[in-house]
Structure formats: structure tokens, C-alpha cells
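Source file: data-v2.tsv (TSV, C-alpha atoms and all ligand atoms)
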```tsv
chain	number	residue	atom	x	y	z
A	689	MET	CA	-7.23	24.51	13.08
A	690	THR	CA	-5.87	20.98	12.81
A	691	THR	CA	-4.57	20.16	9.34
A	692	GLU	CA	-2.96	17.17	7.65
A	693	THR	CA	0.53	18.36	8.54
A	694	ASP	CA	-0.41	17.90	12.22
A	695	ALA	CA	-0.56	14.13	11.57
A	696	THR	CA	1.09	11.98	14.24
A	697	ALA	CA	2.40	8.44	13.99
A	698	ALA	CA	0.32	7.40	17.01
A	699	ALA	CA	-2.94	8.78	15.57
A	700	SER	CA	-2.46	7.21	12.13
A	701	GLY	CA	-1.27	4.00	13.84
A	702	ALA	CA	-4.43	3.86	15.95
A	703	LYS	CA	-6.54	4.32	12.79
A	704	ALA	CA	-4.62	1.62	10.93
A	705	THR	CA	-5.01	-0.80	13.85
A	706	GLU	CA	-8.75	-0.09	14.08
A	707	ARG	CA	-9.08	-0.53	10.31
A	708	PHE	CA	-7.24	-3.85	10.42
A	709	HIS	CA	-9.64	-5.21	13.03
A	710	ALA	CA	-12.66	-3.93	11.03
A	711	ASN	CA	-11.49	-5.52	7.78
A	712	LYS	CA	-11.02	-8.96	9.44
A	713	LYS	CA	-9.71	-10.65	6.38
A	714	PHE	CA	-8.20	-13.89	7.62
A	715	ALA	CA	-9.67	-17.30	8.34
A	716	GLY	CA	-7.82	-17.94	11.61
A	717	ASP	CA	-7.95	-21.69	11.05
A	718	THR	CA	-4.21	-22.44	10.91
A	719	SER	CA	-3.55	-26.00	12.11
A	720	GLN	CA	-1.60	-26.73	15.27
A	721	GLU	CA	1.09	-28.43	13.17
A	722	ARG	CA	1.51	-25.32	11.02
A	723	VAL	CA	1.55	-22.91	13.97
A	724	ASN	CA	4.16	-25.10	15.66
A	725	ARG	CA	6.34	-25.08	12.56
A	726	LEU	CA	6.10	-21.34	11.84
A	727	ALA	CA	6.35	-20.13	15.45
A	728	SER	CA	9.31	-22.43	16.11
A	729	ARG	CA	11.17	-21.08	13.08
A	730	LEU	CA	10.49	-17.47	14.03
A	731	VAL	CA	11.59	-17.95	17.64
A	732	LYS	CA	14.68	-19.82	16.45
A	733	ALA	CA	15.58	-16.99	14.04
A	734	ILE	CA	15.56	-14.54	16.96
A	735	ASN	CA	17.59	-16.85	19.19
A	736	ASP	CA	20.11	-17.53	16.44
A	737	THR	CA	20.56	-13.77	16.03
A	738	VAL	CA	21.10	-13.31	19.77
A	739	LEU	CA	23.67	-16.11	19.95
A	740	GLU	CA	25.53	-15.31	16.74
A	741	GLU	CA	25.63	-11.54	17.38
A	742	LYS	CA	26.23	-11.92	21.15
A	743	VAL	CA	23.32	-9.60	21.97
A	744	THR	CA	23.77	-7.85	25.36
A	745	TYR	CA	21.17	-7.21	28.09
A	746	ASP	CA	21.23	-3.52	27.10
A	747	GLU	CA	20.34	-4.42	23.54
A	748	TYR	CA	17.72	-6.93	24.68
A	749	ASN	CA	16.04	-4.32	26.87
A	750	ALA	CA	16.14	-1.70	24.11
A	751	PHE	CA	14.51	-4.25	21.79
A	752	LYS	CA	11.84	-5.04	24.40
A	753	ALA	CA	11.10	-1.33	24.95
A	754	TRP	CA	10.85	-0.82	21.19
A	755	LEU	CA	8.44	-3.72	20.69
A	756	ILE	CA	6.25	-2.32	23.48
A	757	LYS	CA	6.30	1.08	21.77
A	758	VAL	CA	5.28	-0.42	18.41
A	759	GLY	CA	2.11	-1.58	20.13
A	760	GLU	CA	1.56	1.67	22.04
A	761	ASP	CA	1.85	3.65	18.78
A	762	GLY	CA	-0.50	1.28	16.95
A	763	GLU	CA	2.30	0.66	14.47
A	764	TRP	CA	2.08	-3.12	14.08
A	765	PRO	CA	0.18	-2.70	10.79
A	766	LEU	CA	2.79	-0.21	9.54
A	767	PHE	CA	5.78	-2.27	10.70
A	768	LEU	CA	4.49	-5.51	9.20
A	769	ASP	CA	3.33	-3.99	5.91
A	770	VAL	CA	6.62	-2.13	5.40
A	771	TRP	CA	9.05	-4.92	6.34
A	772	VAL	CA	7.20	-8.21	5.88
A	773	GLU	CA	4.20	-7.95	3.53
A	774	HIS	CA	6.30	-7.94	0.34
A	775	SER	CA	7.35	-11.53	0.94
A	776	VAL	CA	3.80	-12.64	1.71
A	777	GLU	CA	2.63	-10.99	-1.53
A	778	GLU	CA	5.41	-12.71	-3.49
A	779	VAL	CA	4.27	-16.10	-2.23
A	780	ALA	CA	0.56	-15.34	-2.71
A	781	ASN	CA	0.90	-14.22	-6.34
A	782	GLU	CA	3.74	-16.43	-7.60
A	783	ASN	CA	1.48	-18.37	-9.98
A	784	ARG	CA	-0.41	-15.46	-11.54
A	785	GLU	CA	-0.33	-15.09	-15.32
A	786	GLY	CA	-1.99	-11.66	-15.39
A	787	SER	CA	-0.88	-8.30	-14.02
A	788	LYS	CA	1.72	-8.05	-11.29
A	789	GLY	CA	0.52	-7.21	-7.81
A	790	THR	CA	2.29	-5.70	-4.86
A	791	ILE	CA	1.58	-4.99	-1.21
A	792	GLU	CA	-1.63	-3.40	0.10
A	793	GLY	CA	-0.07	-1.44	2.95
A	794	PRO	CA	-1.92	-0.12	6.00
A	795	TYR	CA	-4.16	2.59	4.49
A	796	TYR	CA	-6.85	0.82	2.44
A	797	VAL	CA	-10.44	1.64	3.37
A	798	PRO	CA	-13.22	-0.42	1.74
A	799	ASP	CA	-16.45	1.05	0.34
A	800	ALA	CA	-15.07	4.31	-1.05
A	801	PRO	CA	-17.67	6.28	-3.09
A	802	LYS	CA	-18.76	4.49	-6.26
A	803	LEU	CA	-17.93	6.46	-9.42
A	804	GLU	CA	-18.92	5.64	-13.01
A	805	SER	CA	-16.15	5.96	-15.58
A	806	PRO	CA	-15.05	8.57	-16.66
A	807	ALA	CA	-14.49	9.35	-12.99
A	808	THR	CA	-12.94	12.15	-10.98
A	809	LEU	CA	-11.81	11.15	-7.49
A	810	PRO	CA	-13.21	13.18	-4.60
A	811	MET	CA	-10.79	16.02	-3.91
A	812	ARG	CA	-10.69	19.51	-2.43
A	813	ASP	CA	-11.45	22.58	-4.55
A	814	ASP	CA	-7.83	23.65	-4.07
A	815	GLU	CA	-6.31	20.15	-4.16
A	816	PRO	CA	-2.57	20.72	-4.66
A	817	GLY	CA	-0.52	18.94	-7.31
A	818	THR	CA	-0.46	18.03	-10.99
A	819	PRO	CA	-3.68	16.63	-12.49
A	820	LEU	CA	-3.30	13.06	-13.76
A	821	LEU	CA	-5.64	11.27	-16.14
A	822	TRP	CA	-5.26	7.50	-16.01
A	823	GLU	CA	-6.99	5.44	-18.68
A	824	GLY	CA	-7.02	1.69	-18.79
A	825	ARG	CA	-8.82	-1.49	-19.59
A	826	ILE	CA	-9.55	-4.59	-17.54
A	827	THR	CA	-9.25	-7.86	-19.48
A	828	ASN	CA	-8.83	-11.56	-18.80
A	829	VAL	CA	-5.62	-13.43	-19.65
A	830	ALA	CA	-6.99	-14.07	-23.18
A	831	GLY	CA	-7.24	-10.30	-23.72
A	832	GLU	CA	-11.05	-10.25	-23.59
A	833	PRO	CA	-12.67	-7.26	-21.86
A	834	LEU	CA	-14.22	-7.79	-18.45
A	835	PRO	CA	-17.36	-5.66	-18.31
A	836	GLY	CA	-18.34	-4.47	-14.86
A	837	GLY	CA	-14.72	-4.54	-13.71
A	838	ILE	CA	-13.92	-2.33	-10.74
A	839	VAL	CA	-10.84	-0.29	-9.82
A	840	GLU	CA	-10.68	0.63	-6.15
A	841	ILE	CA	-8.12	3.40	-5.91
A	842	TRP	CA	-6.56	5.25	-3.00
A	843	HIS	CA	-3.46	7.38	-2.66
A	844	ALA	CA	-1.76	10.11	-0.69
A	845	ASP	CA	-2.07	13.76	-1.66
A	846	ASP	CA	0.69	16.01	-3.00
A	847	ARG	CA	1.96	16.51	0.58
A	848	GLY	CA	2.12	12.77	1.28
A	849	PHE	CA	-0.97	12.35	3.47
A	850	TYR	CA	-3.85	9.86	3.26
A	851	SER	CA	-7.44	10.80	4.02
A	852	GLN	CA	-8.77	9.10	7.18
A	853	TYR	CA	-5.19	8.71	8.52
A	854	ALA	CA	-4.20	12.37	8.76
A	855	PRO	CA	-6.44	15.07	10.28
A	856	GLY	CA	-8.22	17.83	8.36
A	857	LEU	CA	-8.80	15.98	5.06
A	858	PRO	CA	-12.28	15.25	3.65
A	859	GLU	CA	-13.24	11.66	4.53
A	860	TRP	CA	-12.89	10.20	1.02
A	861	ASN	CA	-10.26	12.55	-0.39
A	862	LEU	CA	-8.42	10.80	-3.27
A	863	ARG	CA	-10.29	7.52	-2.72
A	864	GLY	CA	-12.85	5.96	-5.03
A	865	THR	CA	-14.46	2.79	-6.38
A	866	VAL	CA	-14.46	3.24	-10.16
A	867	VAL	CA	-16.74	1.08	-12.31
A	868	ALA	CA	-15.41	0.29	-15.79
A	869	ASP	CA	-17.73	0.44	-18.82
A	870	ALA	CA	-19.17	-2.50	-20.77
A	871	ASP	CA	-15.89	-2.89	-22.70
A	872	GLY	CA	-13.79	-2.92	-19.53
A	873	TYR	CA	-12.50	0.63	-20.11
A	874	PHE	CA	-12.08	3.18	-17.35
A	875	GLN	CA	-10.83	6.76	-17.03
A	876	ILE	CA	-9.80	8.22	-13.69
A	877	ASN	CA	-8.96	11.88	-13.05
A	878	THR	CA	-6.87	12.49	-9.96
A	879	MET	CA	-3.85	14.44	-8.68
A	880	GLN	CA	-0.45	12.84	-9.02
A	881	PRO	CA	0.81	11.88	-5.55
A	882	ALA	CA	4.24	12.89	-4.24
A	883	PRO	CA	6.99	10.68	-2.80
A	884	TYR	CA	5.92	9.57	0.64
A	885	GLN	CA	7.64	9.23	3.98
A	886	ILE	CA	6.26	6.73	6.45
A	887	PRO	CA	5.57	8.41	9.84
A	888	THR	CA	8.91	9.33	11.43
A	889	ASP	CA	7.70	10.25	14.94
A	890	GLY	CA	6.65	6.77	16.12
A	891	ALA	CA	8.32	3.43	16.81
A	892	CYS	CA	8.99	2.67	13.12
A	893	GLY	CA	10.60	6.09	12.67
A	894	GLN	CA	12.70	5.45	15.79
A	895	LEU	CA	14.00	2.20	14.28
A	896	ILE	CA	14.72	3.90	10.95
A	897	ALA	CA	16.70	6.69	12.67
A	898	ALA	CA	18.57	4.29	14.98
A	899	ALA	CA	19.58	2.07	12.06
A	900	GLY	CA	20.51	4.95	9.74
A	901	TRP	CA	17.87	3.98	7.16
A	902	HIS	CA	15.46	6.37	5.39
A	903	ALA	CA	11.67	6.50	5.58
A	904	TRP	CA	10.82	7.06	1.91
A	905	ARG	CA	8.54	5.25	-0.44
A	906	PRO	CA	8.35	6.38	-4.08
A	907	ALA	CA	5.14	8.20	-5.04
A	908	HIS	CA	2.48	5.59	-5.61
A	909	ILE	CA	-1.18	4.97	-6.43
A	910	HIS	CA	-2.80	2.01	-4.69
A	911	VAL	CA	-5.38	-0.12	-6.48
A	912	LYS	CA	-7.48	-3.22	-6.05
A	913	VAL	CA	-8.86	-4.41	-9.37
A	914	HIS	CA	-11.62	-6.99	-9.56
A	915	ALA	CA	-14.28	-8.46	-11.85
A	916	ALA	CA	-16.75	-11.33	-11.44
A	917	GLY	CA	-15.19	-14.78	-11.82
A	918	HIS	CA	-11.64	-13.40	-11.55
A	919	GLN	CA	-9.02	-13.12	-8.86
A	920	GLU	CA	-8.76	-9.68	-7.34
A	921	ILE	CA	-5.35	-8.06	-7.72
A	922	THR	CA	-3.89	-5.57	-5.25
A	923	ALA	CA	-1.16	-3.38	-6.75
A	924	GLN	CA	0.54	-0.01	-6.68
A	925	LEU	CA	1.58	2.14	-9.63
A	926	TYR	CA	4.77	4.19	-9.50
A	927	PHE	CA	6.27	6.96	-11.66
A	928	VAL	CA	9.31	6.76	-13.90
A	929	GLY	CA	12.24	8.86	-12.65
A	930	ASP	CA	11.17	8.79	-8.98
A	931	GLU	CA	14.34	8.84	-6.89
A	932	HIS	CA	13.01	6.17	-4.52
A	933	LEU	CA	12.10	3.48	-7.08
A	934	SER	CA	15.31	1.62	-6.27
A	935	ASP	CA	15.27	2.03	-2.46
A	936	ASP	CA	11.62	1.81	-1.41
A	937	ILE	CA	11.56	1.29	2.37
A	938	ALA	CA	8.69	-1.19	1.80
A	939	SER	CA	10.49	-3.18	-0.99
A	940	ALA	CA	7.28	-3.07	-3.04
A	941	VAL	CA	8.39	-1.71	-6.45
A	942	LYS	CA	8.33	-3.94	-9.53
A	943	PRO	CA	9.40	-2.71	-12.99
A	944	GLU	CA	6.02	-3.74	-14.48
A	945	LEU	CA	4.26	-1.26	-12.17
A	946	VAL	CA	6.06	1.93	-13.23
A	947	LEU	CA	4.03	4.55	-15.15
A	948	ASP	CA	5.47	7.03	-17.64
A	949	PRO	CA	2.83	9.80	-17.90
A	950	LYS	CA	3.10	12.41	-20.66
A	951	ASP	CA	1.99	16.04	-20.67
A	952	LYS	CA	-1.52	16.41	-22.07
A	953	ALA	CA	-1.77	18.29	-25.36
A	954	ASP	CA	-4.20	20.82	-23.83
A	955	GLY	CA	-1.74	21.65	-21.04
A	956	THR	CA	-4.09	20.57	-18.22
A	957	GLY	CA	-1.78	18.03	-16.60
A	958	ARG	CA	-0.53	14.58	-17.46
A	959	GLU	CA	-2.00	11.38	-18.84
A	960	VAL	CA	-1.09	7.72	-18.90
A	961	ILE	CA	-2.49	4.38	-20.02
A	962	TYR	CA	-2.17	1.33	-17.79
A	963	ASN	CA	-4.20	-1.85	-18.22
A	964	PHE	CA	-4.95	-4.72	-15.88
A	965	VAL	CA	-5.14	-8.41	-16.77
A	966	LEU	CA	-6.98	-10.59	-14.25
A	967	ASP	CA	-6.47	-14.31	-13.69
A	968	PRO	CA	-9.55	-16.53	-13.49
A	969	VAL	CA	-10.69	-17.72	-10.08
A	970	LYS	CA	-8.87	-20.97	-9.33
B	1	LIG	C1	2.18	3.51	2.74
B	1	LIG	O1	1.55	4.49	2.08
B	1	LIG	C2	2.32	2.34	2.10
B	1	LIG	O2	1.81	2.26	0.88
B	1	LIG	C3	2.96	1.28	2.71
B	1	LIG	C4	3.11	0.00	2.00
B	1	LIG	C5	3.47	1.41	3.98
B	1	LIG	C6	3.32	2.59	4.63
B	1	LIG	C7	2.68	3.63	4.02
B	2	FE	FE	0.74	3.96	0.34
```
Take the structure in the file and write it out as C-alpha cells.
Amino acid sequence: MTTETDATAAASGAKATERFHANKKFAGDTSQERVNRLASRLVKAINDTVLEEKVTYDEYNAFKAWLIKVGEDGEWPLFLDVWVEHSVEEVANENREGSKGTIEGPYYVPDAPKLESPATLPMRDDEPGTPLLWEGRITNVAGEPLPGGIVEIWHADDRGFYSQYAPGLPEWNLRGTVVADADGYFQINTMQPAPYQIPTDGACGQLIAAAGWHAWRPAHIHVKVHAAGHQEITAQLYFVGDEHLSDDIASAVKPELVLDPKDKADGTGREVIYNFVLDPVK
């Protein structure tokens, strides 16, 4: 039987590439002037590196082979989201007053099952890990509740695998679209995820090994929070004490996004409160 631990970089890369095309979330109307400016700067940055570092033909050919492999493994979404998206997110959200955001990453799937709060995410009968109850409230920047607010949530399991990107997991495992109540409150029962390694057997893993880096991200819960008339926020929540908070391969940790769950009094796992504040639509 194929299980999640049989996951390959190329298979999850192919899924992430397919998912990117399906989500189609860009306008594609960049002006010629802007393309000229950005493409010229990018090409110049590469040429400057070649000239300043005296890059050899061997290194140039290794680079070319690696870029080809990124495409063959479907790892452009992974590569870009790990090494570039954090800067794009910083620019996009620099003027927000409400909650901090961070990168989306390559594993979001829209239209996860809709769950009324209090919600329990879809999971296996024998889902491994520590149960986590997350309670929160969605408000505007004035602190007023936003009824009908929604928390889309997705995260890896206790072994570090995402449903729909690793084989053998139920389609919507640990994914849901949670609807807050009339006062903006929500409760979500899930399993605390474990620290996560990006796939090591594809082109990105090859780069990490060749450069002597590591492939770890701290354990994290992805969310998209939205409510009518407000800007959607994409974020991730982390866990205090995680050894990779300070060296996330994706540079996506912010101190405002770190949870400190406590043991529940009834001994059934852990619980934490984390609220979201949404900016009005501009
Ligand atoms: C992930 O799970 C992730 O969140 C990011 C940003 C990149 C790769 C895998
Ligand atoms: Fe992730």
C-alpha cells in the first residue's frame, strides 16, 4: 500500500504546479515599462554575480542543469514560495494595521469542507499527534466583531505531510473552512502539526544539500481569514519553543505569529487563544 511516507518531491511538485495553474490568481496585466524594469534588474543581478564571483563554465552548466530540474520536478512553486515569497508578502502587507500575515506557500487548496464553529477538522480515526483546540475571534481594527468571518485552515500532519500532496491521506485531511459565529468567535479542534522538512529528494533538496543548508520549517498552521468588506489575511501560526523558529528555511516567522498553547485541564490535549484583526477593504 502507498502511504504518506512514500511521498516524492516530483509528485508533490506536480500537484503544486497543477494547483497553481488552477488557482490563477494574478491579473497578468503588467505594463511593458514595468516588465522591462523588473526583468532588466533580475538579469543584471545574475550577470553581476557571474562577473563579481568569476563564475566558471562548470558552474554555469551546473546551474543550467539545476534550473531544468526545478521544472522537471514541478518545484517552481516550492522554490519561489520558500526563497522569494516572504519579500513579496512584506511589500504587499506593509500598510496593514490589523494582524500580521505571512507567506501562503505551495499547499493551499481552496474550497475545503465548510464547518460551523465549534469545528473539528477532518482527520483519520487514528490521526497521530497531540489534540489542539484553537479558539479565537475575528474583529475589525476598532475591535468590533465581524460576524460571518471565515477561517480557512490547512496544515501538515504529525509526520509532516499535507493531504493532496502526499499519497494515502484522505482528500481533506486537516483542511477546513470554518465559519465563525455571529460574534466573530470560532473554535477549531485539530492535531498539532510537527516541524516540517520541505521535500529533500528533488531540485530544492539538491540545492539545500549542495549549499550545506537545512530543509526545516518550524511546525505551522496555515490560515486565510476573511470577512465581508475586509481585506483577507494569509498567515501561519507557529509554536513557542520550536527549534526552527529562528532559522525557518522559508524566512516566514514573525514574533506576532507564535502560539503558546497550554495543557487542557481535562488532560485531552492543548488549547490556545489567537485572534485576528482585519483591515477594511481599501
Ligand atoms: C510548506 O509547508 C510551506 O508552508 C512553505 C512556505 C514552503 C514549503 C512547504
Ligand atoms: Fe506549510
Looking at only C-alpha atoms, which of A:Phe849, A:Phe927, A:Trp901, A:Phe708 is the one that sits closest to Lys950 in chain A?
A:Phe927
Residues within 7 Å of range 825-833 of chain A, all atoms listed in the file, excluding chain neighbours under 2 positions, as a ChimeraX atom specification
/A:786,835,837,871-874,963-967
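CA of Leu821 in chain A sits 13.3 Å away from CA of Val866 in chain A.
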Padding 8 Å on every side, please: axis-aligned box over the listed atoms of range 748-767 of chain A, centre and edge lengths to one decimal in Å, as AutoDock Vina command-line options.
```
--center_x 8.6 --center_y -1.6 --center_z 18.2 --size_x 34.2 --size_y 26.6 --size_z 33.3
```
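Using only C-alpha atoms, the shortest contact distance between Ser939 in chain A and any of A:Met811, A:Val723, A:Ala903, A:Ile961 is found at A:Ala903.
The closest residue to Val946 in chain A, picked from A:Val928, A:Leu857, A:Val867, A:Val960 and counting all atoms listed in the file, is A:Val928.
When atom C6 of ligand LIG 1 (chain B) is paired with CA of Leu768 in chain A, their separation reads 9.4 Å.
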Grab the CA of Gly890 in chain A to atom C1 of ligand LIG 1 (chain B) distance for me, in Å with one decimal place.
14.5 Å
Write out as a tab-separated table the residues of chain A that have any atom within 7 Å of an atom of ligand LIG 1 (chain B), one row each with the nearest atom pair and its distance in Å to one decimal, counting all atoms listed in the file, sorted by chain and then rising number.
```
residue	atom	partner	partner_atom	distance
A:Leu766	CA	B:LIG1	C6	5.7
A:Asp769	CA	B:LIG1	C4	5.6
A:Val770	CA	B:LIG1	C5	4.9
A:Ile791	CA	B:LIG1	C4	6.1
A:Glu792	CA	B:LIG1	C4	6.1
A:Gly793	CA	B:LIG1	C4	3.6
A:Pro794	CA	B:LIG1	C5	6.0
A:Tyr795	CA	B:LIG1	O1	6.5
A:Tyr884	CA	B:LIG1	O1	6.9
A:Ile886	CA	B:LIG1	C7	5.3
A:Ala938	CA	B:LIG1	C4	5.7
```
Give the answer as one residue: which of A:Ser787, A:Trp754, A:Thr818, A:Gln924 has the shortest atom-to-atom distance to Lys952 in chain A, using all atoms listed in the file?
A:Thr818
Could you name the residues that touch Gln880 in chain A at 8 Å or less, counting all atoms listed in the file, but leaving out those on the same chain fewer than 4 positions away, as a PyMOL selection string?
chain A and resi 817-820+845-846
Closest to ligand FE 2 (chain B) among A:His908, A:His914, A:Arg847, A:Lys752, using all atoms listed in the file?
A:His908
Neighbouring residues of Thr696 in chain A were defined as those with any atom within 8 Å, considering all atoms listed in the file; residues of the same chain fewer than 2 positions away were excluded. Please report them as an MDAnalysis selection string.
chainID A and resid 694 698:700 854 887 889:890
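Proximity ranking of A:Gln885, A:Thr878, A:Ser934, A:Gln894 relative to ligand FE 2 (chain B) places A:Gln885 first, based on only C-alpha atoms and all ligand atoms.
Close contacts of Pro855 in chain A, defined as residues with an atom at most 12 Å away when counting all atoms listed in the file, with chain neighbours fewer than 3 positions off set aside, comprise Met689, Thr690, Thr691, Glu692, Thr693, Asp694, Ala695, Thr696, Ala697, Ala699, Ser700, Lys703, Phe849, Tyr850, Ser851, Gln852, Pro858, Glu859 and Asn861 of chain A.
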Write to file, as a short mmCIF file (atom, residue, chain, number, x, y, z; two decimals), keeping the file's coordinate frame, the residues of the selection just made, with C-alpha atoms.
```
data_model
loop_
_atom_site.label_atom_id
_atom_site.label_comp_id
_atom_site.auth_asym_id
_atom_site.auth_seq_id
_atom_site.Cartn_x
_atom_site.Cartn_y
_atom_site.Cartn_z
CA MET A 689 -7.23 24.51 13.08
CA THR A 690 -5.87 20.98 12.81
CA THR A 691 -4.57 20.16 9.34
CA GLU A 692 -2.96 17.17 7.65
CA THR A 693 0.53 18.36 8.54
CA ASP A 694 -0.41 17.90 12.22
CA ALA A 695 -0.56 14.13 11.57
CA THR A 696 1.09 11.98 14.24
CA ALA A 697 2.40 8.44 13.99
CA ALA A 699 -2.94 8.78 15.57
CA SER A 700 -2.46 7.21 12.13
CA LYS A 703 -6.54 4.32 12.79
CA PHE A 849 -0.97 12.35 3.47
CA TYR A 850 -3.85 9.86 3.26
CA SER A 851 -7.44 10.80 4.02
CA GLN A 852 -8.77 9.10 7.18
CA PRO A 858 -12.28 15.25 3.65
CA GLU A 859 -13.24 11.66 4.53
CA ASN A 861 -10.26 12.55 -0.39
#
```
Selection near range 709-714 of chain A, 12 Å with all atoms listed in the file, sequence-local residues under 2 positions removed, as a list in words:
Ala702, Lys703, Ala704, Thr705, Glu706, Arg707, Gly716, Asp717, Thr718, Gly762, Trp764, Pro765, Pro794, Tyr795, Tyr796, Val797, Pro798 and Asp799 of chain A
